[in-house]
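Chemist: Data: my_file-v8.txt, compact mmCIF, C-alpha atoms.
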# COMPACT_ATOMS: atom_id res chain seq x y z
CA MET A 1 76.10 -101.35 42.82
CA SER A 2 74.48 -100.63 39.45
CA ILE A 3 75.78 -98.21 36.86
CA ARG A 4 72.81 -96.32 35.46
CA ALA A 5 74.47 -93.33 33.75
CA VAL A 6 77.79 -92.55 32.07
CA THR A 7 79.72 -89.28 32.08
CA PHE A 8 82.74 -88.25 30.04
CA ASP A 9 85.48 -85.69 30.55
CA PHE A 10 86.12 -83.35 27.58
CA TRP A 11 89.86 -82.63 27.34
CA GLY A 12 92.02 -85.70 26.76
CA THR A 13 88.95 -87.93 26.77
CA LEU A 14 86.53 -86.85 24.06
CA PHE A 15 88.75 -84.22 22.43
CA ARG A 16 92.50 -83.86 22.09
CA GLU A 17 94.48 -80.69 21.67
CA VAL A 18 96.14 -79.88 18.36
CA PRO A 19 99.42 -78.13 19.22
CA GLU A 20 99.23 -75.70 16.32
CA ALA A 21 95.62 -74.83 17.18
CA GLY A 22 96.63 -74.06 20.76
CA ALA A 23 99.47 -71.87 19.51
CA GLN A 24 97.11 -70.05 17.15
CA ARG A 25 94.69 -69.35 19.98
CA MET A 26 97.51 -67.85 22.03
CA ARG A 27 98.65 -65.68 19.11
CA ARG A 28 95.13 -64.43 18.44
CA ARG A 29 94.61 -63.53 22.07
CA ALA A 30 97.99 -61.84 22.31
CA ARG A 31 97.39 -59.73 19.21
CA ALA A 32 93.96 -58.68 20.48
CA LEU A 33 95.41 -57.80 23.89
CA ALA A 34 98.19 -55.77 22.29
CA ASP A 35 95.70 -53.92 20.08
CA ALA A 36 93.37 -53.17 23.00
CA THR A 37 96.08 -51.95 25.40
CA GLY A 38 98.81 -50.53 23.19
CA ALA A 39 101.29 -53.04 24.60
CA SER A 40 103.91 -54.71 22.46
CA LEU A 41 103.12 -58.15 21.13
CA ALA A 42 105.98 -59.57 23.18
CA ASP A 43 104.60 -58.07 26.39
CA ALA A 44 101.10 -59.29 25.54
CA GLU A 45 102.41 -62.82 25.01
CA ARG A 46 104.36 -62.67 28.27
CA VAL A 47 101.42 -61.59 30.43
CA LEU A 48 99.13 -64.15 28.81
CA GLU A 49 101.61 -66.87 29.75
CA GLU A 50 101.57 -65.52 33.31
CA THR A 51 97.77 -65.49 33.19
CA ALA A 52 97.72 -69.13 32.10
CA HIS A 53 99.93 -70.01 35.07
CA GLU A 54 97.53 -68.20 37.42
CA PHE A 55 94.58 -70.09 35.91
CA ALA A 56 96.43 -73.34 36.58
CA ARG A 57 97.33 -72.32 40.14
CA VAL A 58 93.74 -71.44 41.01
CA HIS A 59 92.53 -74.65 39.41
CA MET A 60 94.93 -76.84 41.38
CA GLU A 61 95.03 -75.00 44.73
CA GLU A 62 91.48 -73.65 44.97
CA GLN A 63 89.74 -76.16 42.69
CA ARG A 64 87.76 -73.56 40.82
CA THR A 65 87.95 -72.05 37.35
CA LEU A 66 88.58 -68.44 36.43
CA THR A 67 86.69 -66.89 33.51
CA PRO A 68 87.73 -65.16 30.26
CA LEU A 69 86.94 -61.84 31.95
CA ASP A 70 89.31 -62.81 34.77
CA ALA A 71 91.94 -63.45 32.10
CA VAL A 72 91.44 -59.94 30.74
CA ARG A 73 91.67 -58.46 34.23
CA LEU A 74 94.83 -60.36 35.11
CA ALA A 75 96.50 -59.45 31.81
CA THR A 76 95.59 -55.76 31.88
CA ASP A 77 96.61 -55.48 35.55
CA ALA A 78 100.00 -56.95 34.63
CA LEU A 79 100.32 -54.36 31.88
CA SER A 80 99.11 -51.54 34.19
CA VAL A 81 96.34 -50.68 31.71
CA LEU A 82 92.72 -49.92 32.60
CA LEU A 83 90.18 -50.80 29.90
CA SER A 84 86.62 -49.54 29.74
CA GLY A 85 83.92 -52.04 30.60
CA THR A 86 82.93 -52.31 26.95
CA ALA A 87 86.51 -52.90 25.79
CA ALA A 88 87.12 -55.47 28.52
CA ASN A 89 83.95 -57.35 27.61
CA GLU A 90 84.82 -57.36 23.92
CA LEU A 91 88.29 -58.71 24.65
CA SER A 92 86.82 -61.31 26.99
CA ALA A 93 84.43 -62.47 24.25
CA LEU A 94 87.34 -62.91 21.85
CA PHE A 95 89.33 -64.84 24.47
CA ALA A 96 86.33 -67.12 24.96
CA CYS A 97 85.42 -67.77 21.34
CA VAL A 98 88.77 -68.00 19.54
CA ILE A 99 88.77 -71.76 20.23
CA LEU A 100 85.93 -72.06 17.73
CA ASP A 101 88.30 -70.95 14.97
CA HIS A 102 91.21 -73.05 16.21
CA PRO A 103 89.59 -76.05 17.87
CA PRO A 104 90.76 -79.32 19.39
CA VAL A 105 89.67 -82.43 17.51
CA PRO A 106 87.56 -85.42 18.59
CA ILE A 107 89.55 -88.47 19.65
CA GLU A 108 89.12 -91.47 17.39
CA GLY A 109 86.06 -93.46 18.42
CA ALA A 110 84.86 -90.93 21.01
CA LEU A 111 81.60 -90.11 19.26
CA GLU A 112 80.88 -93.80 18.78
CA ALA A 113 81.56 -94.39 22.50
CA VAL A 114 79.16 -91.63 23.54
CA ARG A 115 76.55 -92.91 21.10
CA ALA A 116 76.90 -96.47 22.44
CA ALA A 117 76.53 -95.29 26.05
CA ALA A 118 73.53 -93.11 25.18
CA ALA A 119 71.79 -96.11 23.63
CA ARG A 120 71.84 -97.72 27.07
CA GLY A 121 71.03 -94.83 29.38
CA PRO A 122 71.55 -91.14 30.17
CA VAL A 123 74.92 -89.64 29.29
CA GLY A 124 76.60 -86.40 30.30
CA VAL A 125 79.87 -84.48 30.19
CA ILE A 126 81.73 -83.34 33.31
CA SER A 127 84.66 -81.12 32.39
CA ASP A 128 86.94 -78.50 33.82
CA THR A 129 87.59 -75.48 31.63
CA GLY A 130 90.23 -72.80 31.17
CA ILE A 131 90.23 -69.53 29.26
CA SER A 132 87.95 -71.32 26.80
CA PRO A 133 84.67 -71.55 28.75
CA GLY A 134 81.95 -74.15 28.82
CA SER A 135 79.80 -72.14 26.42
CA SER A 136 82.46 -72.56 23.72
CA LEU A 137 83.09 -76.23 24.49
CA ARG A 138 79.35 -76.85 24.21
CA VAL A 139 79.47 -75.40 20.68
CA LEU A 140 82.28 -77.81 19.78
CA LEU A 141 80.27 -80.73 21.15
CA GLU A 142 77.35 -79.68 18.98
CA ARG A 143 79.52 -79.08 15.92
CA GLU A 144 81.06 -82.55 16.12
CA GLY A 145 77.77 -84.38 16.70
CA PHE A 146 78.06 -85.16 20.42
CA LEU A 147 75.38 -82.88 21.82
CA PRO A 148 72.28 -84.80 20.64
CA HIS A 149 73.46 -87.80 22.68
CA LEU A 150 74.02 -85.81 25.90
CA LYS A 151 71.37 -85.17 28.50
CA CYS A 152 73.56 -82.58 30.25
CA ALA A 153 77.01 -81.02 30.21
CA SER A 154 78.58 -79.63 33.39
CA PHE A 155 81.53 -77.24 33.07
CA SER A 156 83.56 -75.94 35.98
CA ASP A 157 83.26 -72.26 35.06
CA GLU A 158 79.47 -72.62 35.16
CA VAL A 159 79.23 -74.83 38.28
CA GLY A 160 81.60 -72.62 40.27
CA VAL A 161 84.01 -75.35 41.35
CA ALA A 162 86.32 -77.75 39.53
CA LYS A 163 86.81 -81.50 39.77
CA PRO A 164 87.29 -83.30 42.11
CA GLN A 165 84.81 -81.13 44.05
CA ALA A 166 81.51 -82.86 44.76
CA PRO A 167 79.12 -80.45 42.96
CA MET A 168 80.64 -81.32 39.60
CA PHE A 169 79.40 -84.88 40.06
CA THR A 170 76.33 -84.46 42.26
CA ARG A 171 74.70 -81.79 40.08
CA THR A 172 75.34 -83.86 36.99
CA ALA A 173 73.94 -86.99 38.57
CA ASN A 174 70.81 -85.07 39.53
CA ALA A 175 70.42 -83.78 35.96
CA LEU A 176 70.76 -87.34 34.67
CA GLY A 177 68.14 -88.62 37.09
CA VAL A 178 70.47 -90.90 39.06
CA THR A 179 72.42 -90.81 42.31
CA PRO A 180 76.18 -90.11 42.26
CA HIS A 181 77.04 -93.70 43.18
CA GLU A 182 75.23 -94.83 40.03
CA LEU A 183 77.60 -92.85 37.78
CA PHE A 184 80.40 -94.31 35.72
CA HIS A 185 82.75 -91.43 34.90
CA LEU A 186 85.48 -91.63 32.28
CA GLY A 187 88.42 -89.26 32.19
CA ASP A 188 92.19 -89.06 31.78
CA LEU A 189 93.26 -87.42 35.06
CA GLU A 190 93.75 -89.36 38.29
CA PHE A 191 93.47 -86.45 40.76
CA SER A 192 90.29 -84.97 39.30
CA ASP A 193 88.37 -87.55 37.29
CA ILE A 194 89.20 -90.77 39.13
CA ALA A 195 89.46 -89.37 42.66
CA GLY A 196 86.43 -87.15 42.12
CA ILE A 197 83.96 -89.86 41.15
CA HIS A 198 85.33 -92.31 43.73
CA ALA A 199 84.70 -89.74 46.47
CA GLN A 200 81.04 -89.76 45.46
CA GLY A 201 80.78 -93.54 45.52
CA GLY A 202 80.67 -93.96 41.76
CA ARG A 203 82.94 -95.95 39.51
CA ALA A 204 85.76 -94.68 37.36
CA GLY A 205 87.23 -95.46 33.98
CA LEU A 206 90.66 -94.11 33.09
CA PHE A 207 90.88 -93.27 29.40
CA ALA A 208 94.57 -93.54 28.54
CA GLY A 209 94.36 -93.33 24.77
CA VAL A 210 95.90 -89.85 24.71
CA ASN A 211 97.33 -89.37 28.20
CA ASP A 212 98.79 -92.58 29.67
CA ARG A 213 100.79 -91.04 32.52
CA TYR A 214 98.52 -92.55 35.19
CA LEU A 215 98.07 -95.96 33.60
CA THR A 216 100.47 -97.87 35.88
CA GLU A 217 99.31 -96.28 39.14
CA THR A 218 95.62 -95.58 38.65
CA LYS A 219 92.92 -96.52 41.14
CA ALA A 220 90.32 -96.55 38.38
CA ASP A 221 87.96 -99.51 38.24
CA TYR A 222 88.65 -99.93 34.52
CA THR A 223 91.25 -98.67 32.07
CA PHE A 224 90.85 -98.15 28.34
CA LEU A 225 93.54 -97.51 25.76
CA SER A 226 90.97 -96.91 23.04
CA TRP A 227 87.27 -96.20 22.77
CA GLN A 228 86.84 -99.46 20.93
CA GLU A 229 87.84 -101.25 24.15
CA PHE A 230 85.12 -99.35 26.02
CA ILE A 231 82.49 -100.15 23.40
CA GLU A 232 83.35 -103.85 23.53
CA LYS A 233 82.90 -103.89 27.33
CA ILE A 234 79.92 -101.57 27.62
CA ASP A 235 77.34 -104.30 28.14
CA GLN A 236 79.37 -105.57 31.10
CA LEU A 237 79.47 -102.11 32.66
CA ILE A 238 75.98 -100.68 32.44
CA ASP A 239 72.85 -101.96 34.15
CA ARG A 240 70.63 -103.05 31.26
CA GLY A 241 67.59 -102.74 33.47
CA MET A 242 67.71 -98.96 33.67
Take the structure in this file and express it as structure tokens.
Modeler:
Amino acid sequence: MSIRAVTFDFWGTLFREVPEAGAQRMRRRARALADATGASLADAERVLEETAHEFARVHMEEQRTLTPLDAVRLATDALSVLLSGTAANELSALFACVILDHPPVPIEGALEAVRAAAARGPVGVISDTGISPGSSLRVLLEREGFLPHLKCASFSDEVGVAKPQAPMFTRTANALGVTPHELFHLGDLEFSDIAGIHAQGGRAGLFAGVNDRYLTETKADYTFLSWQEFIEKIDQLIDRGM
């Protein structure tokens, strides 16, 4: 079975969270929610934490991603406040874009890994999202120099389902001009990245350079503790005839 295209997860694979940046995003959203609704900052922070838990529940149990507008709806419902459509949309836009001011950072060697894969065939991103949507993550990919090397980027809020659901992989494979079983997908999560690509007949690489919790029990075909390891093995992985 030939590998003719490579896909990468975003979070924990190409980019890593910066704890202070995540905290700053939460504070910015809470202040904006408090200003829009008249709630106290403490109440705004509380309902946003509850909203984050609901995002996670829907992601895990229903395998789909809520949107920034859903986050506004959940938070304002919890505060028993009704915003106008314009106010809700403005708050949703802030929720979506605040990550651009307080971003995650590329993992060491990630850009070089994407560049090396792109030199050998089509490359894409397959990523689940949260309150920060795919449109914002795409900006970060462009800002950090990844986007020119990508033929496509599939985000769960845009596809309508989350990994490990088949459309995340099949639609990406189609955009890359290959079949799903010709994909080599790299990610850090066993239940979504590894299980998802295996269900489509493709091969999986567990990237454990940031998150190593699955390293001893993974069913991935390959494991990598650094992107340098991937780059050194890339000619063994990808069909040079593509």
Chemist: Given only C-alpha atoms, how would the per-residue table for region 68-104 of chain A near region 28-34 of chain A read, listing every residue at most 8 Å away with its closest atom pair and distance in Å to one decimal, sorted by chain and number, as a Markdown table?
Modeler:
| residue | atom | partner | partner_atom | distance |
| --- | --- | --- | --- | --- |
| A:Leu91 | CA | A:Ala32 | CA | 7.0 |
| A:Leu94 | CA | A:Arg29 | CA | 7.3 |
| A:Phe95 | CA | A:Arg29 | CA | 5.9 |
| A:Val98 | CA | A:Arg28 | CA | 7.4 |
Chemist: At a cut-off of 10 Å, using only C-alpha atoms, what residues contact Ala175 (chain A)? Leave out same-chain residues fewer than 2 positions from it and give the result as a PDB file with C-alpha atoms, in the frame of the given file.
Modeler:
ATOM      1  CA  PRO A 122      71.550 -91.140  30.170  1.00  0.00           C
ATOM      2  CA  VAL A 123      74.920 -89.640  29.290  1.00  0.00           C
ATOM      3  CA  GLY A 124      76.600 -86.400  30.300  1.00  0.00           C
ATOM      4  CA  LYS A 151      71.370 -85.170  28.500  1.00  0.00           C
ATOM      5  CA  CYS A 152      73.560 -82.580  30.250  1.00  0.00           C
ATOM      6  CA  ALA A 153      77.010 -81.020  30.210  1.00  0.00           C
ATOM      7  CA  SER A 154      78.580 -79.630  33.390  1.00  0.00           C
ATOM      8  CA  PHE A 169      79.400 -84.880  40.060  1.00  0.00           C
ATOM      9  CA  THR A 170      76.330 -84.460  42.260  1.00  0.00           C
ATOM     10  CA  ARG A 171      74.700 -81.790  40.080  1.00  0.00           C
ATOM     11  CA  THR A 172      75.340 -83.860  36.990  1.00  0.00           C
ATOM     12  CA  ALA A 173      73.940 -86.990  38.570  1.00  0.00           C
ATOM     13  CA  GLY A 177      68.140 -88.620  37.090  1.00  0.00           C
ATOM     14  CA  VAL A 178      70.470 -90.900  39.060  1.00  0.00           C
ATOM     15  CA  THR A 179      72.420 -90.810  42.310  1.00  0.00           C
TER      16      THR A 179
END
Chemist: For a quick check of understanding, using only C-alpha atoms, which of A:Leu189, A:Ala75, A:Asn174, A:Thr51 has the smallest distance to Asp212 (chain A)?
Modeler: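 Of A:Leu189, A:Ala75, A:Asn174, A:Thr51, the one nearest Asp212 (chain A), counting only C-alpha atoms, is A:Leu189.
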Chemist: For Asn89 (chain A), find every residue with an atom within 10 Å (counting only C-alpha atoms), except residues of its own chain fewer than 6 positions away, and show them as a PyMOL selection string.
Modeler: chain A and resi 68-69+72+83+95
Chemist: Rounded to one decimal place, report the CA of Met60 (chain A)-CA of Met26 (chain A) distance in Å.
Modeler: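 Those two atoms sit 21.5 Å apart.
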Chemist: Counting all atoms listed in the file, figure out which residue out of A:Gly109, A:Pro148, A:Gly134, A:Gly202 gets nearest to Leu183 (chain A).
Modeler: A:Gly202
Chemist: Pick out the residues sitting within 12 Å of Glu50 (chain A), and hand them over as a PDB file with C-alpha atoms, in the coordinates of the input; count all atoms listed in the file, and ignore anything fewer than 4 positions along from it in its own chain.
Modeler:
ATOM      1  CA  ASP A  43     104.600 -58.070  26.390  1.00  0.00           C
ATOM      2  CA  ALA A  44     101.100 -59.290  25.540  1.00  0.00           C
ATOM      3  CA  GLU A  45     102.410 -62.820  25.010  1.00  0.00           C
ATOM      4  CA  ARG A  46     104.360 -62.670  28.270  1.00  0.00           C
ATOM      5  CA  GLU A  54      97.530 -68.200  37.420  1.00  0.00           C
ATOM      6  CA  PHE A  55      94.580 -70.090  35.910  1.00  0.00           C
ATOM      7  CA  ALA A  56      96.430 -73.340  36.580  1.00  0.00           C
ATOM      8  CA  ARG A  57      97.330 -72.320  40.140  1.00  0.00           C
ATOM      9  CA  ALA A  71      91.940 -63.450  32.100  1.00  0.00           C
ATOM     10  CA  VAL A  72      91.440 -59.940  30.740  1.00  0.00           C
ATOM     11  CA  LEU A  74      94.830 -60.360  35.110  1.00  0.00           C
ATOM     12  CA  ALA A  75      96.500 -59.450  31.810  1.00  0.00           C
ATOM     13  CA  THR A  76      95.590 -55.760  31.880  1.00  0.00           C
ATOM     14  CA  ASP A  77      96.610 -55.480  35.550  1.00  0.00           C
ATOM     15  CA  ALA A  78     100.000 -56.950  34.630  1.00  0.00           C
ATOM     16  CA  LEU A  79     100.320 -54.360  31.880  1.00  0.00           C
TER      17      LEU A  79
END
Chemist: Quick one: of A:Val161, A:Leu186, A:Leu206, A:Ile99, who's nearest to Thr65 (chain A), counting all atoms listed in the file?
Modeler: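 Under the stated criterion, the closest residue is A:Val161.
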Chemist: One decimal, Å: what's the distance from CA of Ser80 (chain A) over to CA of Gln24 (chain A), could you say?
Modeler: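 Spanning CA of Ser80 (chain A) to CA of Gln24 (chain A) is a straight-line distance of 25.2 Å.
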Chemist: One number please: CA of Asn211 (chain A) to CA of Ile197 (chain A), in Å, one decimal.
Modeler: 18.6 Å
Chemist: Pick the closest to Thr218 (chain A) from A:Ala162, A:Ala195, A:Gly201, A:Gln236: which is it, counting all atoms listed in the file?
Modeler: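 Among A:Ala162, A:Ala195, A:Gly201, A:Gln236, it is A:Ala195 that comes nearest to Thr218 (chain A).
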Chemist: Find the residues near Gly22 (chain A): any atom within 12 Å, counting only C-alpha atoms, skip ones fewer than 2 places away on the same chain, and give them as a compact mmCIF listing (two decimals) with C-alpha atoms, in the frame of the given file.
Modeler:
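See around.txt below for the written result:
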# COMPACT_ATOMS: atom_id res chain seq x y z
CA ARG A 16 92.50 -83.86 22.09
CA GLU A 17 94.48 -80.69 21.67
CA VAL A 18 96.14 -79.88 18.36
CA PRO A 19 99.42 -78.13 19.22
CA GLU A 20 99.23 -75.70 16.32
CA GLN A 24 97.11 -70.05 17.15
CA ARG A 25 94.69 -69.35 19.98
CA MET A 26 97.51 -67.85 22.03
CA ARG A 27 98.65 -65.68 19.11
CA ARG A 28 95.13 -64.43 18.44
CA ARG A 29 94.61 -63.53 22.07
CA VAL A 98 88.77 -68.00 19.54
CA ILE A 99 88.77 -71.76 20.23
CA LEU A 100 85.93 -72.06 17.73
CA ASP A 101 88.30 -70.95 14.97
CA HIS A 102 91.21 -73.05 16.21
CA PRO A 103 89.59 -76.05 17.87
CA PRO A 104 90.76 -79.32 19.39
CA VAL A 105 89.67 -82.43 17.51
CA ILE A 131 90.23 -69.53 29.26
CA SER A 132 87.95 -71.32 26.80
Chemist: So that I can check the surroundings of Ile231 (chain A), please list as a PyMOL selection string every protein, DNA and RNA residue that reaches within 9 Å of it, counting all atoms listed in the file and ignoring chain neighbours fewer than 3 positions away.
Modeler: chain A and resi 112-113+116-117+227-228+234-235
Chemist: Measuring atom to atom with only C-alpha atoms, identify which of A:Ala21, A:Leu111, A:Val58, A:Ile238 is nearest to Arg143 (chain A).
Modeler: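 So, comparing all the options, the nearest one is A:Leu111.
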Chemist: Which one of A:Arg138, A:Arg4, A:Arg64, A:His59 sits closest to Leu150 (chain A) if you count all atoms listed in the file?
Modeler: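 Closest to Leu150 (chain A) of all the choices is A:Arg138.
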Chemist: How big is the axis-aligned box around the listed atoms of region 123-126 of chain A once 3 Å is added on each side, and where is its centre? Give both in Å to one decimal, as AutoDock Vina command-line options.
Modeler:
--center_x 78.3 --center_y -86.5 --center_z 31.3 --size_x 12.8 --size_y 12.3 --size_z 10.0
Chemist: Please output region 208-237 of chain A, rebuilt to include N, CA and C atoms, as a JSON list (two decimals), in the coordinates of the input.
Modeler:
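Output file part21.json is given in full below:
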[["chain", "number", "residue", "atom", "x", "y", "z"],
["A", 208, "ALA", "N", 93.13, -93.79, 28.71],
["A", 208, "ALA", "CA", 94.57, -93.54, 28.54],
["A", 208, "ALA", "C", 94.99, -93.53, 27.08],
["A", 209, "GLY", "N", 94.03, -93.31, 26.18],
["A", 209, "GLY", "CA", 94.36, -93.33, 24.77],
["A", 209, "GLY", "C", 95.18, -92.14, 24.31],
["A", 210, "VAL", "N", 95.11, -91.04, 25.03],
["A", 210, "VAL", "CA", 95.90, -89.85, 24.71],
["A", 210, "VAL", "C", 96.92, -89.57, 25.81],
["A", 211, "ASN", "N", 96.48, -89.64, 27.05],
["A", 211, "ASN", "CA", 97.33, -89.37, 28.20],
["A", 211, "ASN", "C", 97.45, -90.65, 29.02],
["A", 212, "ASP", "N", 98.62, -91.30, 28.96],
["A", 212, "ASP", "CA", 98.79, -92.58, 29.67],
["A", 212, "ASP", "C", 99.67, -92.46, 30.91],
["A", 213, "ARG", "N", 99.85, -91.24, 31.42],
["A", 213, "ARG", "CA", 100.79, -91.04, 32.52],
["A", 213, "ARG", "C", 100.33, -91.71, 33.82],
["A", 214, "TYR", "N", 99.03, -91.95, 33.95],
["A", 214, "TYR", "CA", 98.52, -92.55, 35.19],
["A", 214, "TYR", "C", 98.23, -94.05, 35.06],
["A", 215, "LEU", "N", 98.51, -94.61, 33.91],
["A", 215, "LEU", "CA", 98.07, -95.96, 33.60],
["A", 215, "LEU", "C", 98.61, -97.00, 34.58],
["A", 216, "THR", "N", 99.86, -96.85, 35.01],
["A", 216, "THR", "CA", 100.47, -97.87, 35.88],
["A", 216, "THR", "C", 100.16, -97.68, 37.35],
["A", 217, "GLU", "N", 99.54, -96.55, 37.72],
["A", 217, "GLU", "CA", 99.31, -96.28, 39.14],
["A", 217, "GLU", "C", 97.86, -95.90, 39.44],
["A", 218, "THR", "N", 96.99, -96.04, 38.47],
["A", 218, "THR", "CA", 95.62, -95.58, 38.65],
["A", 218, "THR", "C", 94.84, -96.45, 39.64],
["A", 219, "LYS", "N", 93.87, -95.81, 40.29],
["A", 219, "LYS", "CA", 92.92, -96.52, 41.14],
["A", 219, "LYS", "C", 91.57, -96.68, 40.44],
["A", 220, "ALA", "N", 91.56, -96.41, 39.15],
["A", 220, "ALA", "CA", 90.32, -96.55, 38.38],
["A", 220, "ALA", "C", 89.84, -98.00, 38.40],
["A", 221, "ASP", "N", 88.54, -98.17, 38.28],
["A", 221, "ASP", "CA", 87.96, -99.51, 38.24],
["A", 221, "ASP", "C", 88.23, -100.21, 36.91],
["A", 222, "TYR", "N", 88.36, -99.41, 35.86],
["A", 222, "TYR", "CA", 88.65, -99.93, 34.52],
["A", 222, "TYR", "C", 89.61, -98.97, 33.83],
["A", 223, "THR", "N", 90.39, -99.51, 32.91],
["A", 223, "THR", "CA", 91.25, -98.67, 32.07],
["A", 223, "THR", "C", 90.98, -99.00, 30.62],
["A", 224, "PHE", "N", 91.10, -97.97, 29.78],
["A", 224, "PHE", "CA", 90.85, -98.15, 28.34],
["A", 224, "PHE", "C", 91.93, -97.41, 27.56],
["A", 225, "LEU", "N", 92.54, -98.12, 26.63],
["A", 225, "LEU", "CA", 93.54, -97.51, 25.76],
["A", 225, "LEU", "C", 92.92, -96.99, 24.47],
["A", 226, "SER", "N", 91.70, -97.39, 24.21],
["A", 226, "SER", "CA", 90.97, -96.91, 23.04],
["A", 226, "SER", "C", 89.49, -96.93, 23.35],
["A", 227, "TRP", "N", 88.71, -96.18, 22.58],
["A", 227, "TRP", "CA", 87.27, -96.20, 22.77],
["A", 227, "TRP", "C", 86.66, -97.49, 22.27],
["A", 228, "GLN", "N", 87.34, -98.17, 21.37],
["A", 228, "GLN", "CA", 86.84, -99.46, 20.93],
["A", 228, "GLN", "C", 86.81, -100.45, 22.10],
["A", 229, "GLU", "N", 87.82, -100.38, 22.97],
["A", 229, "GLU", "CA", 87.84, -101.25, 24.15],
["A", 229, "GLU", "C", 86.62, -100.98, 25.03],
["A", 230, "PHE", "N", 86.29, -99.72, 25.21],
["A", 230, "PHE", "CA", 85.12, -99.35, 26.02],
["A", 230, "PHE", "C", 83.84, -99.89, 25.39],
["A", 231, "ILE", "N", 83.69, -99.71, 24.08],
["A", 231, "ILE", "CA", 82.49, -100.15, 23.40],
["A", 231, "ILE", "C", 82.33, -101.67, 23.52],
["A", 232, "GLU", "N", 83.42, -102.39, 23.44],
["A", 232, "GLU", "CA", 83.35, -103.85, 23.53],
["A", 232, "GLU", "C", 82.95, -104.32, 24.92],
["A", 233, "LYS", "N", 83.22, -103.50, 25.95],
["A", 233, "LYS", "CA", 82.90, -103.89, 27.33],
["A", 233, "LYS", "C", 81.64, -103.24, 27.87],
["A", 234, "ILE", "N", 80.98, -102.43, 27.08],
["A", 234, "ILE", "CA", 79.92, -101.57, 27.62],
["A", 234, "ILE", "C", 78.77, -102.37, 28.21],
["A", 235, "ASP", "N", 78.45, -103.52, 27.61],
["A", 235, "ASP", "CA", 77.34, -104.30, 28.14],
["A", 235, "ASP", "C", 77.68, -104.95, 29.48],
["A", 236, "GLN", "N", 78.97, -105.06, 29.80],
["A", 236, "GLN", "CA", 79.37, -105.57, 31.10],
["A", 236, "GLN", "C", 79.35, -104.48, 32.17],
["A", 237, "LEU", "N", 79.34, -103.23, 31.73],
["A", 237, "LEU", "CA", 79.47, -102.11, 32.66],
["A", 237, "LEU", "C", 78.15, -101.52, 33.10]]
